[in-house]
Amino acid sequence: MKTNPGNFFEDFTVGQVIEHATPRTLTEGDRAVYGAIYPTRFAVASSAEFAASVGLAPHPVEELIGFHVAFGKTVPDVSLNAVANLGYAECRFHVPVVPGDTLRTRSEVIGLKQNSNGRTGVVWVRSTATNQRGEVAIDWARWVMVHKRDADAPAPETVVPALASVVAPDDLVVPAGLDLSAYDAAAAGSPYRLGDYEVGERIDHVDGVTLTDAEHMMATRLWQNTAKVHFSTDARPDGRRLVYGGHVISLARALSFNGLANAQLVAAINAGAHVAPAFAGDTIHAWSEVLDTATLDAPGVGAIRLRLVATKGRDKSMTLRSDDGAYADGVLLDLDYWALIPR
């Protein structure tokens, strides 16, 4: 059989290394289509002139473009037969991705755990995306629930990796040359700098975007993400196409501009959970909570740690969890990340 059916749970072994096909060269077209799908307005990614004024030339694309492309490379080998992508940890953005860069990705299996139903299991992988110069652009860990090919296949030894709950500020990578000391707040669209935010503060980003099948399927194809559940109505018993979790991340990040316009660059993703599935017709809203702040060793550069929460419908109360500790109704995404911001 020459076609690729994708790996099932029993095909993975701890320590297995997978070199993913195919390398992908990014272009200005990726920036344009990303902006057409997501309502993003962050100045560094929007304006080559603004990016150069803070020391970033050539003009980088949004960090999540690189992440989606690198992530998409892993899908045919890791999550083609997934039930759902479950979460992320220890994600760091090392060097800015610019048009003309070619990304390729490799993954190592770092954990396995069969579920009690005997029909699925969780696979943990650590993935690394490098550019054409061999530089690490992005690395991250993620875990995904995958179908078994044969429910009677024996369960592997359970290995659950220990992952850091947060990337330490000292481990954040500041892009070479970044200088926010002469930052143009008017051009960026907000006067609020690092010192204007307080730990514990919550920000309702107000705006909403209604999901459509056409847009999320186009986005997932753009990233060459071939997971069946995003395209085929045959892939799920309910006949609905599951929206790629990264699509919700990008929508929420774009919506966060209203209130966090100066959180210009995503430096790390500490943790992420896709709490509930999203489908066409759902209207996505977002709110953020400030978890921490830090001053970095670069001119004018600070870091702000944010919890970004995407919800189905707007929750003006900004409630993450109910009294019993479970996620509140309507929560779709709980993302903990660091962003670089002028101080």
# chains A, B, ... in the order shown; residues from 1 in each chain; ligands from 1
$ residues_around --residues "Val229 in chain A" --least-positions-apart "4" --cutoff "8 Å" --atoms "only C-alpha atoms" --output "VMD selection string"
chain A and resid 82 to 83 233 235 to 236 241 to 242
$ write_last_selection --atoms "all heavy atoms" --output "mmCIF file, in the first residue's frame"
data_model
loop_
_atom_site.group_PDB
_atom_site.id
_atom_site.type_symbol
_atom_site.label_atom_id
_atom_site.label_comp_id
_atom_site.auth_asym_id
_atom_site.auth_seq_id
_atom_site.Cartn_x
_atom_site.Cartn_y
_atom_site.Cartn_z
ATOM 1 N N ALA A 82 -6.243 11.578 14.830
ATOM 2 C CA ALA A 82 -6.516 12.136 16.157
ATOM 3 C C ALA A 82 -8.006 12.227 16.431
ATOM 4 O O ALA A 82 -8.821 12.434 15.528
ATOM 5 C CB ALA A 82 -5.899 13.518 16.277
ATOM 6 N N VAL A 83 -8.332 12.094 17.700
ATOM 7 C CA VAL A 83 -9.652 12.465 18.192
ATOM 8 C C VAL A 83 -9.676 13.971 18.442
ATOM 9 O O VAL A 83 -10.610 14.676 18.057
ATOM 10 C CB VAL A 83 -9.988 11.711 19.494
ATOM 11 C CG1 VAL A 83 -11.367 12.107 20.014
ATOM 12 C CG2 VAL A 83 -9.888 10.209 19.288
ATOM 13 N N THR A 233 -16.748 15.223 6.596
ATOM 14 C CA THR A 233 -17.915 14.971 7.439
ATOM 15 C C THR A 233 -18.033 13.494 7.801
ATOM 16 O O THR A 233 -18.878 13.122 8.622
ATOM 17 C CB THR A 233 -19.205 15.425 6.726
ATOM 18 O OG1 THR A 233 -19.303 14.763 5.457
ATOM 19 C CG2 THR A 233 -19.199 16.929 6.513
ATOM 20 N N ALA A 235 -15.517 11.915 9.199
ATOM 21 C CA ALA A 235 -14.500 11.644 10.217
ATOM 22 C C ALA A 235 -15.044 11.613 11.633
ATOM 23 O O ALA A 235 -14.389 11.109 12.542
ATOM 24 C CB ALA A 235 -13.375 12.681 10.118
ATOM 25 N N ARG A 236 -16.239 12.175 11.838
ATOM 26 C CA ARG A 236 -16.850 12.207 13.164
ATOM 27 C C ARG A 236 -18.254 11.620 13.104
ATOM 28 O O ARG A 236 -18.965 11.795 12.101
ATOM 29 C CB ARG A 236 -16.928 13.655 13.690
ATOM 30 C CG ARG A 236 -15.605 14.270 14.079
ATOM 31 C CD ARG A 236 -15.766 15.771 14.389
ATOM 32 N NE ARG A 236 -16.831 16.032 15.321
ATOM 33 C CZ ARG A 236 -16.676 16.098 16.661
ATOM 34 N NH1 ARG A 236 -15.478 15.936 17.182
ATOM 35 N NH2 ARG A 236 -17.707 16.342 17.452
ATOM 36 N N ARG A 241 -17.572 19.127 10.971
ATOM 37 C CA ARG A 241 -16.141 19.378 10.841
ATOM 38 C C ARG A 241 -15.653 20.112 12.091
ATOM 39 O O ARG A 241 -16.161 21.171 12.429
ATOM 40 C CB ARG A 241 -15.856 20.218 9.599
ATOM 41 C CG ARG A 241 -16.298 19.591 8.291
ATOM 42 C CD ARG A 241 -16.033 20.551 7.133
ATOM 43 N NE ARG A 241 -16.531 20.051 5.882
ATOM 44 C CZ ARG A 241 -17.750 20.305 5.395
ATOM 45 N NH1 ARG A 241 -18.587 21.052 6.104
ATOM 46 N NH2 ARG A 241 -18.132 19.822 4.243
ATOM 47 N N LEU A 242 -14.655 19.540 12.730
ATOM 48 C CA LEU A 242 -14.088 20.140 13.935
ATOM 49 C C LEU A 242 -13.130 21.263 13.543
ATOM 50 O O LEU A 242 -12.265 21.071 12.683
ATOM 51 C CB LEU A 242 -13.326 19.065 14.724
ATOM 52 C CG LEU A 242 -12.643 19.481 16.023
ATOM 53 C CD1 LEU A 242 -13.686 19.803 17.081
ATOM 54 C CD2 LEU A 242 -11.719 18.364 16.505
#
$ residues_around --residues "Lys113 in chain A" --least-positions-apart "5" --cutoff "8 Å" --atoms "only C-alpha atoms" --output "ChimeraX atom specification"
/A:121-123,155-160
$ residues_around --residues "Met318 in chain A" --least-positions-apart "4" --cutoff "10 Å" --atoms "only C-alpha atoms" --output "PDB file with N, CA, C and O atoms, in the first residue's frame"
ATOM      1  N   ARG A 202      -8.129  41.814  34.425  1.00  0.00           N
ATOM      2  CA  ARG A 202      -8.786  41.102  33.340  1.00  0.00           C
ATOM      3  C   ARG A 202      -9.286  42.108  32.306  1.00  0.00           C
ATOM      4  O   ARG A 202      -9.777  43.177  32.660  1.00  0.00           O
ATOM      5  N   ILE A 203      -9.164  41.725  31.042  1.00  0.00           N
ATOM      6  CA  ILE A 203      -9.488  42.624  29.941  1.00  0.00           C
ATOM      7  C   ILE A 203     -10.470  41.920  29.014  1.00  0.00           C
ATOM      8  O   ILE A 203     -10.156  40.874  28.434  1.00  0.00           O
ATOM      9  N   ASP A 204     -11.654  42.484  28.871  1.00  0.00           N
ATOM     10  CA  ASP A 204     -12.650  41.972  27.937  1.00  0.00           C
ATOM     11  C   ASP A 204     -12.337  42.566  26.563  1.00  0.00           C
ATOM     12  O   ASP A 204     -12.373  43.784  26.379  1.00  0.00           O
ATOM     13  N   ALA A 286     -13.154  36.757  23.259  1.00  0.00           N
ATOM     14  CA  ALA A 286     -11.941  36.490  24.036  1.00  0.00           C
ATOM     15  C   ALA A 286     -11.781  37.499  25.157  1.00  0.00           C
ATOM     16  O   ALA A 286     -12.246  38.643  25.052  1.00  0.00           O
ATOM     17  N   TRP A 287     -11.143  37.055  26.220  1.00  0.00           N
ATOM     18  CA  TRP A 287     -10.709  37.944  27.295  1.00  0.00           C
ATOM     19  C   TRP A 287      -9.348  37.476  27.793  1.00  0.00           C
ATOM     20  O   TRP A 287      -8.937  36.333  27.543  1.00  0.00           O
ATOM     21  N   SER A 288      -8.628  38.371  28.432  1.00  0.00           N
ATOM     22  CA  SER A 288      -7.291  38.063  28.928  1.00  0.00           C
ATOM     23  C   SER A 288      -7.167  38.405  30.399  1.00  0.00           C
ATOM     24  O   SER A 288      -7.818  39.335  30.895  1.00  0.00           O
ATOM     25  N   GLU A 289      -6.299  37.672  31.088  1.00  0.00           N
ATOM     26  CA  GLU A 289      -5.927  37.960  32.465  1.00  0.00           C
ATOM     27  C   GLU A 289      -4.414  38.122  32.535  1.00  0.00           C
ATOM     28  O   GLU A 289      -3.672  37.300  31.973  1.00  0.00           O
ATOM     29  N   VAL A 309      -8.289  33.602  26.998  1.00  0.00           N
ATOM     30  CA  VAL A 309      -9.426  32.691  27.059  1.00  0.00           C
ATOM     31  C   VAL A 309     -10.367  32.996  25.900  1.00  0.00           C
ATOM     32  O   VAL A 309     -10.805  34.136  25.737  1.00  0.00           O
ATOM     33  N   THR A 311     -14.013  32.098  24.161  1.00  0.00           N
ATOM     34  CA  THR A 311     -15.313  31.591  24.591  1.00  0.00           C
ATOM     35  C   THR A 311     -16.284  31.548  23.413  1.00  0.00           C
ATOM     36  O   THR A 311     -16.156  32.315  22.454  1.00  0.00           O
ATOM     37  N   ARG A 314     -20.002  35.871  24.136  1.00  0.00           N
ATOM     38  CA  ARG A 314     -19.278  36.789  25.009  1.00  0.00           C
ATOM     39  C   ARG A 314     -19.657  36.557  26.470  1.00  0.00           C
ATOM     40  O   ARG A 314     -20.841  36.488  26.810  1.00  0.00           O
ATOM     41  N   ALA A 328     -15.856  26.794  32.961  1.00  0.00           N
ATOM     42  CA  ALA A 328     -17.198  27.344  32.813  1.00  0.00           C
ATOM     43  C   ALA A 328     -17.759  27.013  31.434  1.00  0.00           C
ATOM     44  O   ALA A 328     -17.010  26.826  30.461  1.00  0.00           O
ATOM     45  N   VAL A 331     -16.339  28.058  27.594  1.00  0.00           N
ATOM     46  CA  VAL A 331     -14.891  28.217  27.432  1.00  0.00           C
ATOM     47  C   VAL A 331     -14.389  27.215  26.394  1.00  0.00           C
ATOM     48  O   VAL A 331     -14.645  26.011  26.498  1.00  0.00           O
TER      49      VAL A 331
END
$ select_by_dssp --residues "range 13-238 of chain A" --states "alpha helix (DSSP H)" --output "PyMOL selection string"
chain A and resi 28-37+43-46+48-53+63-78+185-188+213-222
$ select_by_dssp --residues "range 81-223 of chain A" --states "strand (DSSP E or B)" --output "JSON, numbers by chain"
{"A": [82, 83, 84, 85, 86, 87, 88, 89, 90, 91, 92, 93, 102, 103, 104, 105, 106, 107, 108, 109, 110, 111, 112, 113, 114, 120, 121, 122, 123, 124, 125, 126, 127, 128, 129, 130, 136, 137, 138, 139, 140, 141, 142, 143, 144, 145, 146, 147, 159, 202, 203, 204, 209, 210]}
$ write_last_selection --atoms "N, CA and C atoms" --output "short mmCIF file (atom, residue, chain, number, x, y, z; two decimals), in the first residue's frame"
data_model
loop_
_atom_site.label_atom_id
_atom_site.label_comp_id
_atom_site.auth_asym_id
_atom_site.auth_seq_id
_atom_site.Cartn_x
_atom_site.Cartn_y
_atom_site.Cartn_z
N ALA A 82 -6.24 11.58 14.83
CA ALA A 82 -6.52 12.14 16.16
C ALA A 82 -8.01 12.23 16.43
N VAL A 83 -8.33 12.09 17.70
CA VAL A 83 -9.65 12.46 18.19
C VAL A 83 -9.68 13.97 18.44
N ALA A 84 -8.61 14.47 19.08
CA ALA A 84 -8.50 15.91 19.36
C ALA A 84 -7.08 16.21 19.79
N ASN A 85 -6.63 17.43 19.48
CA ASN A 85 -5.39 17.94 20.04
C ASN A 85 -5.71 18.47 21.43
N LEU A 86 -4.91 18.09 22.42
CA LEU A 86 -5.29 18.36 23.81
C LEU A 86 -4.57 19.54 24.44
N GLY A 87 -3.30 19.77 24.12
CA GLY A 87 -2.64 20.87 24.79
C GLY A 87 -1.21 21.07 24.33
N TYR A 88 -0.60 22.16 24.83
CA TYR A 88 0.76 22.55 24.48
C TYR A 88 1.52 22.92 25.75
N ALA A 89 2.83 22.87 25.68
CA ALA A 89 3.68 23.33 26.78
C ALA A 89 5.07 23.63 26.23
N GLU A 90 5.81 24.45 26.98
CA GLU A 90 7.23 24.70 26.71
C GLU A 90 7.49 25.15 25.27
N CYS A 91 6.59 25.96 24.73
CA CYS A 91 6.77 26.46 23.36
C CYS A 91 7.55 27.77 23.41
N ARG A 92 8.65 27.83 22.65
CA ARG A 92 9.43 29.06 22.58
C ARG A 92 9.67 29.43 21.12
N PHE A 93 9.60 30.75 20.86
CA PHE A 93 9.89 31.29 19.54
C PHE A 93 11.32 31.84 19.59
N THR A 102 12.37 28.84 4.92
CA THR A 102 11.83 27.51 4.73
C THR A 102 11.89 26.76 6.05
N LEU A 103 10.74 26.30 6.50
CA LEU A 103 10.66 25.59 7.78
C LEU A 103 10.50 24.10 7.54
N ARG A 104 11.21 23.32 8.35
CA ARG A 104 11.01 21.88 8.39
C ARG A 104 10.94 21.46 9.86
N THR A 105 10.26 20.36 10.14
CA THR A 105 9.96 19.98 11.51
C THR A 105 10.30 18.52 11.76
N ARG A 106 10.83 18.26 12.94
CA ARG A 106 11.03 16.89 13.40
C ARG A 106 10.42 16.77 14.79
N SER A 107 9.99 15.56 15.15
CA SER A 107 9.36 15.33 16.45
C SER A 107 9.96 14.10 17.11
N GLU A 108 9.98 14.13 18.43
CA GLU A 108 10.35 12.96 19.22
C GLU A 108 9.19 12.61 20.14
N VAL A 109 8.82 11.33 20.18
CA VAL A 109 7.76 10.87 21.07
C VAL A 109 8.33 10.81 22.48
N ILE A 110 7.69 11.54 23.40
CA ILE A 110 8.21 11.63 24.77
C ILE A 110 7.26 11.04 25.80
N GLY A 111 6.08 10.57 25.38
CA GLY A 111 5.15 9.99 26.34
C GLY A 111 4.02 9.26 25.65
N LEU A 112 3.48 8.25 26.35
CA LEU A 112 2.34 7.47 25.85
C LEU A 112 1.47 7.05 27.03
N LYS A 113 0.17 7.05 26.81
CA LYS A 113 -0.75 6.56 27.84
C LYS A 113 -2.05 6.12 27.17
N GLN A 114 -2.34 4.83 27.26
CA GLN A 114 -3.60 4.34 26.71
C GLN A 114 -4.75 4.77 27.61
N THR A 120 -8.49 4.40 22.41
CA THR A 120 -7.69 5.58 22.11
C THR A 120 -6.54 5.69 23.11
N GLY A 121 -5.61 6.57 22.82
CA GLY A 121 -4.51 6.83 23.75
C GLY A 121 -3.97 8.22 23.53
N VAL A 122 -3.20 8.69 24.49
CA VAL A 122 -2.60 10.02 24.40
C VAL A 122 -1.12 9.87 24.06
N VAL A 123 -0.69 10.64 23.07
CA VAL A 123 0.69 10.65 22.62
C VAL A 123 1.26 12.04 22.89
N TRP A 124 2.42 12.09 23.57
CA TRP A 124 3.14 13.34 23.79
C TRP A 124 4.33 13.39 22.84
N VAL A 125 4.52 14.52 22.18
CA VAL A 125 5.68 14.70 21.31
C VAL A 125 6.33 16.04 21.60
N ARG A 126 7.63 16.10 21.36
CA ARG A 126 8.36 17.37 21.38
C ARG A 126 8.83 17.63 19.95
N SER A 127 8.40 18.77 19.41
CA SER A 127 8.67 19.09 18.01
C SER A 127 9.58 20.30 17.90
N THR A 128 10.42 20.29 16.88
CA THR A 128 11.37 21.38 16.64
C THR A 128 11.31 21.77 15.18
N ALA A 129 11.09 23.05 14.92
CA ALA A 129 11.09 23.58 13.56
C ALA A 129 12.36 24.38 13.34
N THR A 130 13.05 24.07 12.26
CA THR A 130 14.28 24.79 11.92
C THR A 130 14.11 25.47 10.56
N VAL A 136 17.07 26.99 15.04
CA VAL A 136 15.78 26.64 15.62
C VAL A 136 14.88 27.87 15.57
N ALA A 137 13.74 27.73 14.92
CA ALA A 137 12.77 28.82 14.86
C ALA A 137 11.76 28.70 15.99
N ILE A 138 11.24 27.48 16.21
CA ILE A 138 10.21 27.23 17.22
C ILE A 138 10.41 25.82 17.75
N ASP A 139 10.23 25.63 19.04
CA ASP A 139 10.12 24.27 19.57
C ASP A 139 9.00 24.24 20.61
N TRP A 140 8.39 23.06 20.73
CA TRP A 140 7.23 22.96 21.63
C TRP A 140 6.95 21.49 21.93
N ALA A 141 6.21 21.30 23.01
CA ALA A 141 5.66 19.98 23.33
C ALA A 141 4.15 20.06 23.16
N ARG A 142 3.56 18.96 22.73
CA ARG A 142 2.09 18.90 22.68
C ARG A 142 1.66 17.47 22.94
N TRP A 143 0.38 17.32 23.28
CA TRP A 143 -0.17 15.99 23.47
C TRP A 143 -1.50 15.91 22.75
N VAL A 144 -1.75 14.73 22.19
CA VAL A 144 -2.89 14.55 21.30
C VAL A 144 -3.51 13.18 21.58
N MET A 145 -4.83 13.11 21.52
CA MET A 145 -5.52 11.83 21.67
C MET A 145 -5.70 11.20 20.30
N VAL A 146 -5.23 9.95 20.17
CA VAL A 146 -5.18 9.27 18.88
C VAL A 146 -5.96 7.96 18.95
N HIS A 147 -6.66 7.63 17.88
CA HIS A 147 -7.37 6.35 17.80
C HIS A 147 -6.37 5.18 17.76
N VAL A 159 4.04 6.28 30.04
CA VAL A 159 5.09 7.27 30.29
C VAL A 159 4.45 8.64 30.11
N ARG A 202 -8.13 41.81 34.43
CA ARG A 202 -8.79 41.10 33.34
C ARG A 202 -9.29 42.11 32.31
N ILE A 203 -9.16 41.73 31.04
CA ILE A 203 -9.49 42.62 29.94
C ILE A 203 -10.47 41.92 29.01
N ASP A 204 -11.65 42.48 28.87
CA ASP A 204 -12.65 41.97 27.94
C ASP A 204 -12.34 42.57 26.56
N VAL A 209 -16.07 37.11 16.48
CA VAL A 209 -16.01 36.64 15.10
C VAL A 209 -16.76 35.32 15.01
N THR A 210 -17.67 35.21 14.06
CA THR A 210 -18.43 33.98 13.87
C THR A 210 -17.67 33.05 12.93
#
$ residues_around --residues "Val275 in chain A" --least-positions-apart "2" --cutoff "7 Å" --atoms "only C-alpha atoms" --output "PyMOL selection string"
chain A and resi 273+331-334
$ residues_around --residues "range 47-58 of chain A" --least-positions-apart "5" --cutoff "12 Å" --atoms "only C-alpha atoms" --output "ChimeraX atom specification"
/A:28,31,40-42,95-101,174-189,264-265,298-301,341-342
$ decode --residues "range 261-280 of chain A" --atoms "N, CA and C atoms" --output "short mmCIF file (atom, residue, chain, number, x, y, z; two decimals), in the first residue's frame"
data_model
loop_
_atom_site.label_atom_id
_atom_site.label_comp_id
_atom_site.auth_asym_id
_atom_site.auth_seq_id
_atom_site.Cartn_x
_atom_site.Cartn_y
_atom_site.Cartn_z
N ALA A 261 -2.88 45.99 22.42
CA ALA A 261 -2.28 46.27 21.12
C ALA A 261 -0.76 46.31 21.15
N ASN A 262 -0.19 46.61 22.32
CA ASN A 262 1.28 46.71 22.41
C ASN A 262 1.95 45.41 22.82
N ALA A 263 1.17 44.37 23.05
CA ALA A 263 1.75 43.03 23.29
C ALA A 263 2.13 42.46 21.93
N GLN A 264 3.20 43.00 21.38
CA GLN A 264 3.49 42.87 19.96
C GLN A 264 3.93 41.47 19.51
N LEU A 265 4.76 40.83 20.28
CA LEU A 265 5.41 39.60 19.83
C LEU A 265 5.15 38.48 20.82
N VAL A 266 4.69 37.34 20.34
CA VAL A 266 4.54 36.16 21.20
C VAL A 266 5.93 35.56 21.40
N ALA A 267 6.36 35.47 22.65
CA ALA A 267 7.70 34.95 22.95
C ALA A 267 7.66 33.48 23.35
N ALA A 268 6.59 33.05 24.00
CA ALA A 268 6.49 31.66 24.46
C ALA A 268 5.04 31.33 24.74
N ILE A 269 4.71 30.05 24.59
CA ILE A 269 3.43 29.52 25.04
C ILE A 269 3.73 28.57 26.19
N ASN A 270 3.27 28.94 27.38
CA ASN A 270 3.56 28.16 28.57
C ASN A 270 2.70 26.90 28.66
N ALA A 271 1.46 27.05 28.32
CA ALA A 271 0.51 25.94 28.41
C ALA A 271 -0.71 26.30 27.58
N GLY A 272 -1.40 25.28 27.15
CA GLY A 272 -2.61 25.54 26.39
C GLY A 272 -3.53 24.35 26.47
N ALA A 273 -4.79 24.62 26.59
CA ALA A 273 -5.79 23.55 26.63
C ALA A 273 -6.96 23.92 25.72
N HIS A 274 -7.29 23.00 24.81
CA HIS A 274 -8.50 23.15 24.02
C HIS A 274 -9.62 22.52 24.84
N VAL A 275 -10.35 23.35 25.52
CA VAL A 275 -11.28 22.90 26.55
C VAL A 275 -12.52 22.24 25.96
N ALA A 276 -12.99 22.76 24.84
CA ALA A 276 -14.20 22.24 24.21
C ALA A 276 -14.07 22.43 22.71
N PRO A 277 -14.78 21.61 21.93
CA PRO A 277 -14.69 21.74 20.48
C PRO A 277 -15.41 22.97 19.98
N ALA A 278 -14.95 23.46 18.83
CA ALA A 278 -15.60 24.59 18.16
C ALA A 278 -16.05 24.15 16.78
N PHE A 279 -17.17 24.72 16.33
CA PHE A 279 -17.74 24.35 15.05
C PHE A 279 -18.21 25.60 14.32
N ALA A 280 -18.41 25.47 13.02
CA ALA A 280 -18.97 26.56 12.23
C ALA A 280 -20.28 27.02 12.85
#
